[in-house]
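**Q** Okay, here's the structure, questions in a sec.
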Amino acid sequence: MNIILLGPPGAGKGTQAERLVAERGMVQLSTGDMLRAAVAAGTPTGLKAKTVMEAGELVSDEIVSGIIGEKLDMLSADTGVIFDGYPRTAAQADALDTLLAARRRTLDHVIELVVDEDALVERITGRFTCAKCGAGYHVRFKPTQVAGVCDACGATEFKRRPDDNEATVRTRMAEYRAKTAPILPIYEARGLVSKIDGMADMDVVAGEISAILAR
Ligand code: ADP
Ligand code: ADP
Ligand code: ZN
């Protein structure tokens, strides 16, 4: 099973991917996470990506498709993959077709999380993650059960992303509208797209995704 989660920043892609990983043993391939790891490690890719990410613009298609290809090669053929934050442009969608075909993988579902843009700023500015295990939280919508302690691993340090501020979010949303939303028709023409109300409660969204994957 190979699926794409599509939606603007803050739509809930990472939140839902985290659940699919825990519940189904799928692997989440998040280009955002990979790029942040490259930035933190100071690799040549990270050095190129850093300023682009801080501005909320898109990193080059060659870089992101290259790292996705490398990650796919590290997985066994029967591991299900969730593409989170990739593809984001028509060129990336083409590259993904090639990458999957070369590995005899097929794309099973493209799940679009439909959200109200006005709500996204609050989602993004309240987002934080566990510094140790990466579990995702929100100050209002998904606080830790015990204040200051990660539910998943018990760690007490948390991180916020430098690009999770209102100005950058607006740029990221504009990038989504201009470059990412236009790739939906490619997948619609293949009958792969299911639209979900991403404004619903996280559990409701998760239930709808499960129903789609069971089809
Ligand atoms: P979000 O959680 O807001 O959807 P991501 O973590 O997916 O954001 O991405 C953060 C940043 O990393 C993006 O604003 C962009 O600069 C870069 N990035 C991530 N994935 C891609 C991609 N597929 N193509 C180009 N740039 C990307
Ligand atoms: P994305 O990966 O699409 O950028 P995230 O999954 O990181 O988005 O979600 C952004 C923030 O919104 C997180 O802090 C998350 O806890 C919260 N969130 C995710 N889904 C929902 C939802 N259905 N309702 C309310 N808040 C949500
Ligand atoms: Zn943790």
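As shown in the structure tokens, the chain order sets the letters A, B, ...; within each chain, residues go from 1, and ligands are also counted from 1 in the order they appear.
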Sorted by chain and rising residue number, which residues of chain A lie within 7 Å of ligand 2, and what are their closest atom pairs and distances in Å to one decimal, counting only C-alpha atoms and all ligand atoms, as JSON lines?
**A**
```
{"residue": "A:Gly7", "atom": "CA", "partner": "ligand 2", "partner_atom_place_in_ligand_line": "3 (O)", "distance": 6.2}
{"residue": "A:Pro8", "atom": "CA", "partner": "ligand 2", "partner_atom_place_in_ligand_line": "3 (O)", "distance": 6.2}
{"residue": "A:Pro9", "atom": "CA", "partner": "ligand 2", "partner_atom_place_in_ligand_line": "4 (O)", "distance": 4.0}
{"residue": "A:Gly10", "atom": "CA", "partner": "ligand 2", "partner_atom_place_in_ligand_line": "8 (O)", "distance": 3.5}
{"residue": "A:Ala11", "atom": "CA", "partner": "ligand 2", "partner_atom_place_in_ligand_line": "3 (O)", "distance": 3.9}
{"residue": "A:Gly12", "atom": "CA", "partner": "ligand 2", "partner_atom_place_in_ligand_line": "6 (O)", "distance": 3.2}
{"residue": "A:Lys13", "atom": "CA", "partner": "ligand 2", "partner_atom_place_in_ligand_line": "3 (O)", "distance": 3.7}
{"residue": "A:Gly14", "atom": "CA", "partner": "ligand 2", "partner_atom_place_in_ligand_line": "2 (O)", "distance": 3.6}
{"residue": "A:Thr15", "atom": "CA", "partner": "ligand 2", "partner_atom_place_in_ligand_line": "6 (O)", "distance": 3.6}
{"residue": "A:Gln16", "atom": "CA", "partner": "ligand 2", "partner_atom_place_in_ligand_line": "6 (O)", "distance": 6.4}
{"residue": "A:Arg123", "atom": "CA", "partner": "ligand 2", "partner_atom_place_in_ligand_line": "12 (O)", "distance": 4.2}
{"residue": "A:Ile124", "atom": "CA", "partner": "ligand 2", "partner_atom_place_in_ligand_line": "11 (C)", "distance": 5.4}
{"residue": "A:Gly126", "atom": "CA", "partner": "ligand 2", "partner_atom_place_in_ligand_line": "14 (O)", "distance": 5.8}
{"residue": "A:Arg127", "atom": "CA", "partner": "ligand 2", "partner_atom_place_in_ligand_line": "14 (O)", "distance": 3.4}
{"residue": "A:Phe128", "atom": "CA", "partner": "ligand 2", "partner_atom_place_in_ligand_line": "14 (O)", "distance": 6.0}
{"residue": "A:Gly136", "atom": "CA", "partner": "ligand 2", "partner_atom_place_in_ligand_line": "16 (O)", "distance": 5.7}
{"residue": "A:Tyr137", "atom": "CA", "partner": "ligand 2", "partner_atom_place_in_ligand_line": "16 (O)", "distance": 4.3}
{"residue": "A:His138", "atom": "CA", "partner": "ligand 2", "partner_atom_place_in_ligand_line": "14 (O)", "distance": 3.7}
{"residue": "A:Phe141", "atom": "CA", "partner": "ligand 2", "partner_atom_place_in_ligand_line": "26 (N)", "distance": 4.9}
{"residue": "A:Lys142", "atom": "CA", "partner": "ligand 2", "partner_atom_place_in_ligand_line": "16 (O)", "distance": 5.2}
{"residue": "A:Gly198", "atom": "CA", "partner": "ligand 2", "partner_atom_place_in_ligand_line": "23 (N)", "distance": 5.6}
{"residue": "A:Met199", "atom": "CA", "partner": "ligand 2", "partner_atom_place_in_ligand_line": "23 (N)", "distance": 5.3}
{"residue": "A:Ala200", "atom": "CA", "partner": "ligand 2", "partner_atom_place_in_ligand_line": "23 (N)", "distance": 5.1}
{"residue": "A:Asp201", "atom": "CA", "partner": "ligand 2", "partner_atom_place_in_ligand_line": "23 (N)", "distance": 4.4}
{"residue": "A:Met202", "atom": "CA", "partner": "ligand 2", "partner_atom_place_in_ligand_line": "23 (N)", "distance": 3.8}
{"residue": "A:Val205", "atom": "CA", "partner": "ligand 2", "partner_atom_place_in_ligand_line": "23 (N)", "distance": 6.4}
```
**Q** Within 10 Å of Gly134 in chain A, counting only C-alpha atoms, which residues qualify if same-chain residues fewer than 5 places away don't, as number ranges by chain?
**A** A: 18, 33, 128-129, 150, 152-153, 158-159
**Q** Deliver the residues from the most recent selection as a file, using C-alpha atoms, as a PDB file, in the first residue's frame.
**A**
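Dumped everything to selection35.pdb:
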```pdb
ATOM      1  CA  GLU A  18       1.933   9.224  12.832  1.00  0.00           C
ATOM      2  CA  ASP A  33      11.340  15.946   8.201  1.00  0.00           C
ATOM      3  CA  PHE A 128       5.082  21.605  18.818  1.00  0.00           C
ATOM      4  CA  THR A 129       6.829  18.224  18.808  1.00  0.00           C
ATOM      5  CA  CYS A 150       5.646  13.533  26.136  1.00  0.00           C
ATOM      6  CA  ALA A 152       4.765   8.672  23.839  1.00  0.00           C
ATOM      7  CA  CYS A 153       8.231   8.579  25.422  1.00  0.00           C
ATOM      8  CA  PHE A 158       9.920  19.949  23.061  1.00  0.00           C
ATOM      9  CA  LYS A 159      10.651  21.779  19.811  1.00  0.00           C
TER      10      LYS A 159
END
```
**Q** List all protein, DNA and RNA residues that have at least one atom no more than 9 Å from any atom of ligand 1, counting only C-alpha atoms and all ligand atoms, and write them as a PyMOL selection string.
**A** chain A and resi 6-14+30-36+49-61+63-65+84-89+92+124+161+163-164+168-169+171-173+175-176
**Q** Restricting the output to N, CA and C atoms, write the selected residues as a CSV table (one decimal), in the first residue's frame.
**A**
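Below is the file that was written, part27.csv:
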```
chain,number,residue,atom,x,y,z
A,6,LEU,N,-2.2,14.7,1.1
A,6,LEU,CA,-2.1,16.0,0.4
A,6,LEU,C,-2.9,17.0,1.2
A,7,GLY,N,-2.3,18.2,1.4
A,7,GLY,CA,-3.1,19.2,2.1
A,7,GLY,C,-2.1,20.4,2.4
A,8,PRO,N,-2.6,21.6,2.6
A,8,PRO,CA,-1.8,22.7,3.0
A,8,PRO,C,-1.1,22.5,4.3
A,9,PRO,N,-0.1,23.4,4.7
A,9,PRO,CA,0.5,23.3,6.0
A,9,PRO,C,-0.5,23.4,7.1
A,10,GLY,N,-0.3,22.4,8.0
A,10,GLY,CA,-1.3,22.4,9.2
A,10,GLY,C,-2.5,21.6,8.9
A,11,ALA,N,-2.7,21.0,7.8
A,11,ALA,CA,-3.9,20.3,7.4
A,11,ALA,C,-4.1,19.0,8.3
A,12,GLY,N,-2.9,18.5,8.8
A,12,GLY,CA,-3.0,17.3,9.7
A,12,GLY,C,-2.3,16.1,9.0
A,13,LYS,N,-1.5,16.3,8.0
A,13,LYS,CA,-0.8,15.2,7.4
A,13,LYS,C,0.1,14.4,8.3
A,14,GLY,N,0.9,15.2,9.0
A,14,GLY,CA,1.9,14.5,10.0
A,14,GLY,C,1.1,13.8,11.1
A,30,SER,N,8.4,11.8,5.0
A,30,SER,CA,8.1,13.2,5.0
A,30,SER,C,9.3,14.0,4.5
A,31,THR,N,9.2,14.7,3.4
A,31,THR,CA,10.3,15.4,2.9
A,31,THR,C,10.6,16.6,3.8
A,32,GLY,N,9.6,17.1,4.5
A,32,GLY,CA,9.9,18.2,5.5
A,32,GLY,C,10.8,17.7,6.6
A,33,ASP,N,10.5,16.5,7.1
A,33,ASP,CA,11.3,15.9,8.2
A,33,ASP,C,12.7,15.6,7.7
A,34,MET,N,12.8,15.1,6.5
A,34,MET,CA,14.1,14.8,5.9
A,34,MET,C,15.0,16.0,5.7
A,35,LEU,N,14.3,17.1,5.2
A,35,LEU,CA,15.1,18.3,5.0
A,35,LEU,C,15.5,18.9,6.3
A,36,ARG,N,14.6,18.9,7.3
A,36,ARG,CA,15.0,19.4,8.6
A,36,ARG,C,16.2,18.6,9.2
A,49,ALA,N,19.0,24.0,1.5
A,49,ALA,CA,17.6,24.1,1.8
A,49,ALA,C,17.2,25.1,2.9
A,50,LYS,N,18.2,25.4,3.8
A,50,LYS,CA,17.9,26.1,5.0
A,50,LYS,C,17.1,27.5,4.8
A,51,THR,N,17.7,28.3,3.9
A,51,THR,CA,17.1,29.6,3.7
A,51,THR,C,15.8,29.6,3.0
A,52,VAL,N,15.7,28.6,2.1
A,52,VAL,CA,14.5,28.4,1.3
A,52,VAL,C,13.4,28.0,2.3
A,53,MET,N,13.6,27.1,3.2
A,53,MET,CA,12.6,26.7,4.1
A,53,MET,C,12.2,27.8,5.1
A,54,GLU,N,13.2,28.6,5.5
A,54,GLU,CA,12.9,29.7,6.4
A,54,GLU,C,12.0,30.7,5.8
A,55,ALA,N,12.1,30.8,4.4
A,55,ALA,CA,11.3,31.8,3.7
A,55,ALA,C,9.9,31.2,3.4
A,56,GLY,N,9.7,29.9,3.6
A,56,GLY,CA,8.4,29.2,3.3
A,56,GLY,C,8.3,28.9,1.8
A,57,GLU,N,9.4,28.9,1.1
A,57,GLU,CA,9.3,28.6,-0.3
A,57,GLU,C,9.7,27.1,-0.5
A,58,LEU,N,9.6,26.7,-1.8
A,58,LEU,CA,9.8,25.3,-2.0
A,58,LEU,C,11.3,25.0,-2.4
A,59,VAL,N,11.8,23.9,-1.8
A,59,VAL,CA,13.2,23.4,-2.1
A,59,VAL,C,13.1,22.8,-3.5
A,60,SER,N,14.2,22.7,-4.2
A,60,SER,CA,14.2,22.3,-5.6
A,60,SER,C,13.6,20.8,-5.8
A,61,ASP,N,13.0,20.6,-6.9
A,61,ASP,CA,12.4,19.3,-7.2
A,61,ASP,C,13.5,18.2,-7.2
A,63,ILE,N,16.3,18.0,-5.5
A,63,ILE,CA,16.7,17.6,-4.2
A,63,ILE,C,15.7,16.7,-3.5
A,64,VAL,N,14.4,17.1,-3.5
A,64,VAL,CA,13.4,16.3,-2.8
A,64,VAL,C,13.2,15.0,-3.4
A,65,SER,N,13.1,15.0,-4.7
A,65,SER,CA,12.9,13.7,-5.4
A,65,SER,C,14.1,12.8,-5.2
A,84,ASP,N,4.2,12.1,2.8
A,84,ASP,CA,3.7,13.2,3.5
A,84,ASP,C,4.5,14.5,3.1
A,85,GLY,N,3.8,15.4,2.4
A,85,GLY,CA,4.5,16.6,2.0
A,85,GLY,C,5.2,16.4,0.7
A,86,TYR,N,5.0,15.3,0.0
A,86,TYR,CA,5.6,15.0,-1.3
A,86,TYR,C,4.6,14.2,-2.1
A,87,PRO,N,4.4,14.4,-3.3
A,87,PRO,CA,4.9,15.5,-4.2
A,87,PRO,C,4.2,16.8,-3.9
A,88,ARG,N,4.9,17.9,-4.2
A,88,ARG,CA,4.3,19.3,-4.0
A,88,ARG,C,4.3,20.1,-5.3
A,89,THR,N,4.8,19.5,-6.4
A,89,THR,CA,4.7,20.2,-7.7
A,89,THR,C,4.5,19.1,-8.8
A,92,GLN,N,7.5,17.0,-9.4
A,92,GLN,CA,7.6,16.0,-8.3
A,92,GLN,C,6.7,14.8,-8.5
A,124,ILE,N,-0.9,26.0,13.1
A,124,ILE,CA,0.6,26.0,12.9
A,124,ILE,C,1.3,26.7,14.0
A,161,ARG,N,9.1,24.6,15.2
A,161,ARG,CA,9.8,24.9,14.0
A,161,ARG,C,10.0,26.4,13.8
A,163,ASP,N,10.0,27.9,11.1
A,163,ASP,CA,9.1,28.4,10.0
A,163,ASP,C,7.6,28.4,10.4
A,164,ASP,N,7.3,28.0,11.6
A,164,ASP,CA,5.9,27.9,12.1
A,164,ASP,C,5.5,29.3,12.7
A,168,THR,N,5.4,33.2,7.6
A,168,THR,CA,5.9,32.1,6.7
A,168,THR,C,4.8,31.2,6.3
A,169,VAL,N,3.8,31.0,7.3
A,169,VAL,CA,2.7,30.2,6.9
A,169,VAL,C,1.9,30.7,5.7
A,171,THR,N,3.1,32.4,3.3
A,171,THR,CA,3.8,32.1,2.0
A,171,THR,C,3.7,30.6,1.7
A,172,ARG,N,3.7,29.8,2.7
A,172,ARG,CA,3.6,28.3,2.5
A,172,ARG,C,2.2,28.0,1.9
A,173,MET,N,1.2,28.7,2.4
A,173,MET,CA,-0.2,28.4,1.9
A,173,MET,C,-0.2,28.9,0.4
A,175,GLU,N,2.2,29.0,-1.7
A,175,GLU,CA,2.9,28.0,-2.5
A,175,GLU,C,2.0,26.8,-2.7
A,176,TYR,N,1.3,26.4,-1.7
A,176,TYR,CA,0.4,25.2,-1.8
A,176,TYR,C,-0.6,25.5,-2.9
```
**Q** Would you please extract all strand (DSSP E or B) residues from range 2-193 of chain A, as assigned by DSSP on the backbone, and give them as an MDAnalysis selection string?
**A** chainID A and resid 2:6 27:30 81:84 109:114 127:130 136:138 142 146 149 158:159 193
**Q** Write the selection just made, keeping N, CA and C atoms, as an mmCIF file, in the first residue's frame?
**A**
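The resulting selection34.cif:
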```cif
data_model
loop_
_atom_site.group_PDB
_atom_site.id
_atom_site.type_symbol
_atom_site.label_atom_id
_atom_site.label_comp_id
_atom_site.auth_asym_id
_atom_site.auth_seq_id
_atom_site.Cartn_x
_atom_site.Cartn_y
_atom_site.Cartn_z
ATOM 1 N N ASN A 2 0.699 2.095 -1.002
ATOM 2 C CA ASN A 2 1.428 3.362 -1.067
ATOM 3 C C ASN A 2 0.410 4.485 -1.198
ATOM 4 N N ILE A 3 0.470 5.442 -0.276
ATOM 5 C CA ILE A 3 -0.528 6.509 -0.300
ATOM 6 C C ILE A 3 0.139 7.885 -0.185
ATOM 7 N N ILE A 4 -0.553 8.881 -0.715
ATOM 8 C CA ILE A 4 -0.100 10.267 -0.578
ATOM 9 C C ILE A 4 -1.106 10.992 0.304
ATOM 10 N N LEU A 5 -0.603 11.716 1.316
ATOM 11 C CA LEU A 5 -1.449 12.633 2.087
ATOM 12 C C LEU A 5 -1.180 14.028 1.547
ATOM 13 N N LEU A 6 -2.234 14.667 1.076
ATOM 14 C CA LEU A 6 -2.081 15.972 0.440
ATOM 15 C C LEU A 6 -2.913 17.013 1.200
ATOM 16 N N VAL A 27 5.406 3.128 6.749
ATOM 17 C CA VAL A 27 6.527 4.045 6.942
ATOM 18 C C VAL A 27 6.136 5.413 6.399
ATOM 19 N N GLN A 28 6.424 6.448 7.175
ATOM 20 C CA GLN A 28 6.112 7.820 6.772
ATOM 21 C C GLN A 28 7.339 8.412 6.088
ATOM 22 N N LEU A 29 7.178 8.853 4.857
ATOM 23 C CA LEU A 29 8.274 9.563 4.203
ATOM 24 C C LEU A 29 7.880 11.032 4.094
ATOM 25 N N SER A 30 8.389 11.822 5.015
ATOM 26 C CA SER A 30 8.091 13.249 5.050
ATOM 27 C C SER A 30 9.296 14.020 4.549
ATOM 28 N N VAL A 81 4.013 2.655 2.268
ATOM 29 C CA VAL A 81 4.601 3.990 2.401
ATOM 30 C C VAL A 81 3.525 5.076 2.394
ATOM 31 N N ILE A 82 3.692 6.024 3.311
ATOM 32 C CA ILE A 82 2.851 7.225 3.336
ATOM 33 C C ILE A 82 3.719 8.392 2.888
ATOM 34 N N PHE A 83 3.398 8.978 1.770
ATOM 35 C CA PHE A 83 4.112 10.171 1.329
ATOM 36 C C PHE A 83 3.437 11.384 1.961
ATOM 37 N N ASP A 84 4.209 12.107 2.775
ATOM 38 C CA ASP A 84 3.686 13.240 3.549
ATOM 39 C C ASP A 84 4.452 14.489 3.128
ATOM 40 N N HIS A 109 -3.742 5.297 -3.109
ATOM 41 C CA HIS A 109 -4.690 6.348 -2.735
ATOM 42 C C HIS A 109 -3.980 7.693 -2.609
ATOM 43 N N VAL A 110 -4.691 8.732 -3.017
ATOM 44 C CA VAL A 110 -4.255 10.101 -2.736
ATOM 45 C C VAL A 110 -5.359 10.705 -1.870
ATOM 46 N N ILE A 111 -5.025 11.023 -0.627
ATOM 47 C CA ILE A 111 -6.033 11.506 0.307
ATOM 48 C C ILE A 111 -5.820 13.003 0.522
ATOM 49 N N GLU A 112 -6.830 13.768 0.110
ATOM 50 C CA GLU A 112 -6.723 15.227 0.251
ATOM 51 C C GLU A 112 -7.446 15.659 1.521
ATOM 52 N N LEU A 113 -6.714 16.331 2.405
ATOM 53 C CA LEU A 113 -7.312 16.889 3.619
ATOM 54 C C LEU A 113 -7.773 18.311 3.291
ATOM 55 N N VAL A 114 -9.076 18.488 3.251
ATOM 56 C CA VAL A 114 -9.636 19.788 2.874
ATOM 57 C C VAL A 114 -9.842 20.606 4.144
ATOM 58 N N ARG A 127 1.601 24.527 17.101
ATOM 59 C CA ARG A 127 2.177 23.179 16.921
ATOM 60 C C ARG A 127 3.516 23.049 17.644
ATOM 61 N N PHE A 128 3.756 21.907 18.276
ATOM 62 C CA PHE A 128 5.082 21.605 18.818
ATOM 63 C C PHE A 128 5.290 20.091 18.780
ATOM 64 N N THR A 129 6.545 19.666 18.869
ATOM 65 C CA THR A 129 6.829 18.224 18.808
ATOM 66 C C THR A 129 7.799 17.844 19.917
ATOM 67 N N CYS A 130 7.790 16.575 20.266
ATOM 68 C CA CYS A 130 8.736 16.048 21.253
ATOM 69 C C CYS A 130 10.141 16.092 20.655
ATOM 70 N N GLY A 136 3.849 14.563 17.682
ATOM 71 C CA GLY A 136 3.311 15.894 17.417
ATOM 72 C C GLY A 136 2.213 16.279 18.391
ATOM 73 N N TYR A 137 2.206 17.557 18.758
ATOM 74 C CA TYR A 137 1.208 18.076 19.702
ATOM 75 C C TYR A 137 0.703 19.437 19.250
ATOM 76 N N HIS A 138 -0.325 19.918 19.977
ATOM 77 C CA HIS A 138 -0.816 21.283 19.764
ATOM 78 C C HIS A 138 -1.206 21.860 21.121
ATOM 79 N N LYS A 142 -4.199 19.426 20.946
ATOM 80 C CA LYS A 142 -3.645 18.126 21.334
ATOM 81 C C LYS A 142 -2.520 18.327 22.348
ATOM 82 N N VAL A 146 0.116 14.888 30.515
ATOM 83 C CA VAL A 146 0.723 15.498 31.705
ATOM 84 C C VAL A 146 1.529 16.691 31.198
ATOM 85 N N VAL A 149 5.291 16.708 29.631
ATOM 86 C CA VAL A 149 5.831 15.351 29.488
ATOM 87 C C VAL A 149 5.255 14.695 28.231
ATOM 88 N N PHE A 158 10.758 19.828 24.252
ATOM 89 C CA PHE A 158 9.920 19.949 23.061
ATOM 90 C C PHE A 158 10.533 20.960 22.112
ATOM 91 N N LYS A 159 10.093 20.878 20.833
ATOM 92 C CA LYS A 159 10.651 21.779 19.811
ATOM 93 C C LYS A 159 9.528 22.489 19.072
ATOM 94 N N VAL A 193 -8.162 9.910 -6.053
ATOM 95 C CA VAL A 193 -8.307 10.938 -5.008
ATOM 96 C C VAL A 193 -9.553 10.738 -4.152
#
```
**Q** Work out how far CA of Glu208 in chain A is from CA of Ile196 in chain A, in Å to one decimal.
**A**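 One can read the CA of Ile196 in chain A to CA of Glu208 in chain A distance as 7.2 Å.
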**Q** For the alpha helix (DSSP H) assignment from backbone DSSP, which residues of range 52-126 of chain A qualify? Please present them as a PyMOL selection string.
**A** chain A and resi 52-55+61-73+90-102+117-125
**Q** May I ask which of the residues A:Gly25, A:Gly69, A:Gly154, A:Pro162 is the closest one to ligand 3, counting only C-alpha atoms and all ligand atoms?
**A**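 Looking at the shortest contact to ligand 3, the residue is A:Gly154.
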**Q** Excluding Ala90 in chain A and its own-chain neighbours fewer than 2 positions away, which residues fall within 10 Å of it when counting only C-alpha atoms? Please give them as a list in words.
**A**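 With the cut-off at 10 Å, the set is Asp61, Pro87, Arg88, Gln92, Ala93, Asp94, Ala95, Leu96, Lys179, Thr180, Ala181, Pro182, Ile183, Leu184 and Ile186 of chain A.
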**Q** Between CA of Leu213 in chain A and CA of Arg190 in chain A, what is the distance, to one decimal in Å?
**A**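 Computing the Euclidean distance for CA of Leu213 in chain A and CA of Arg190 in chain A yields 16.5 Å.
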**Q** Suppose you want the space between CA of Ile212 in chain A and CA of Asp108 in chain A; what is it in Å?
**A**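 The value is 10.1 Å.
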**Q** Within 7 Å of Glu166 in chain A, counting only C-alpha atoms, which residues show up once you throw out same-chain ones fewer than 3 positions away? Write them as a ChimeraX atom specification, please.
**A** /A:121,125,169-170
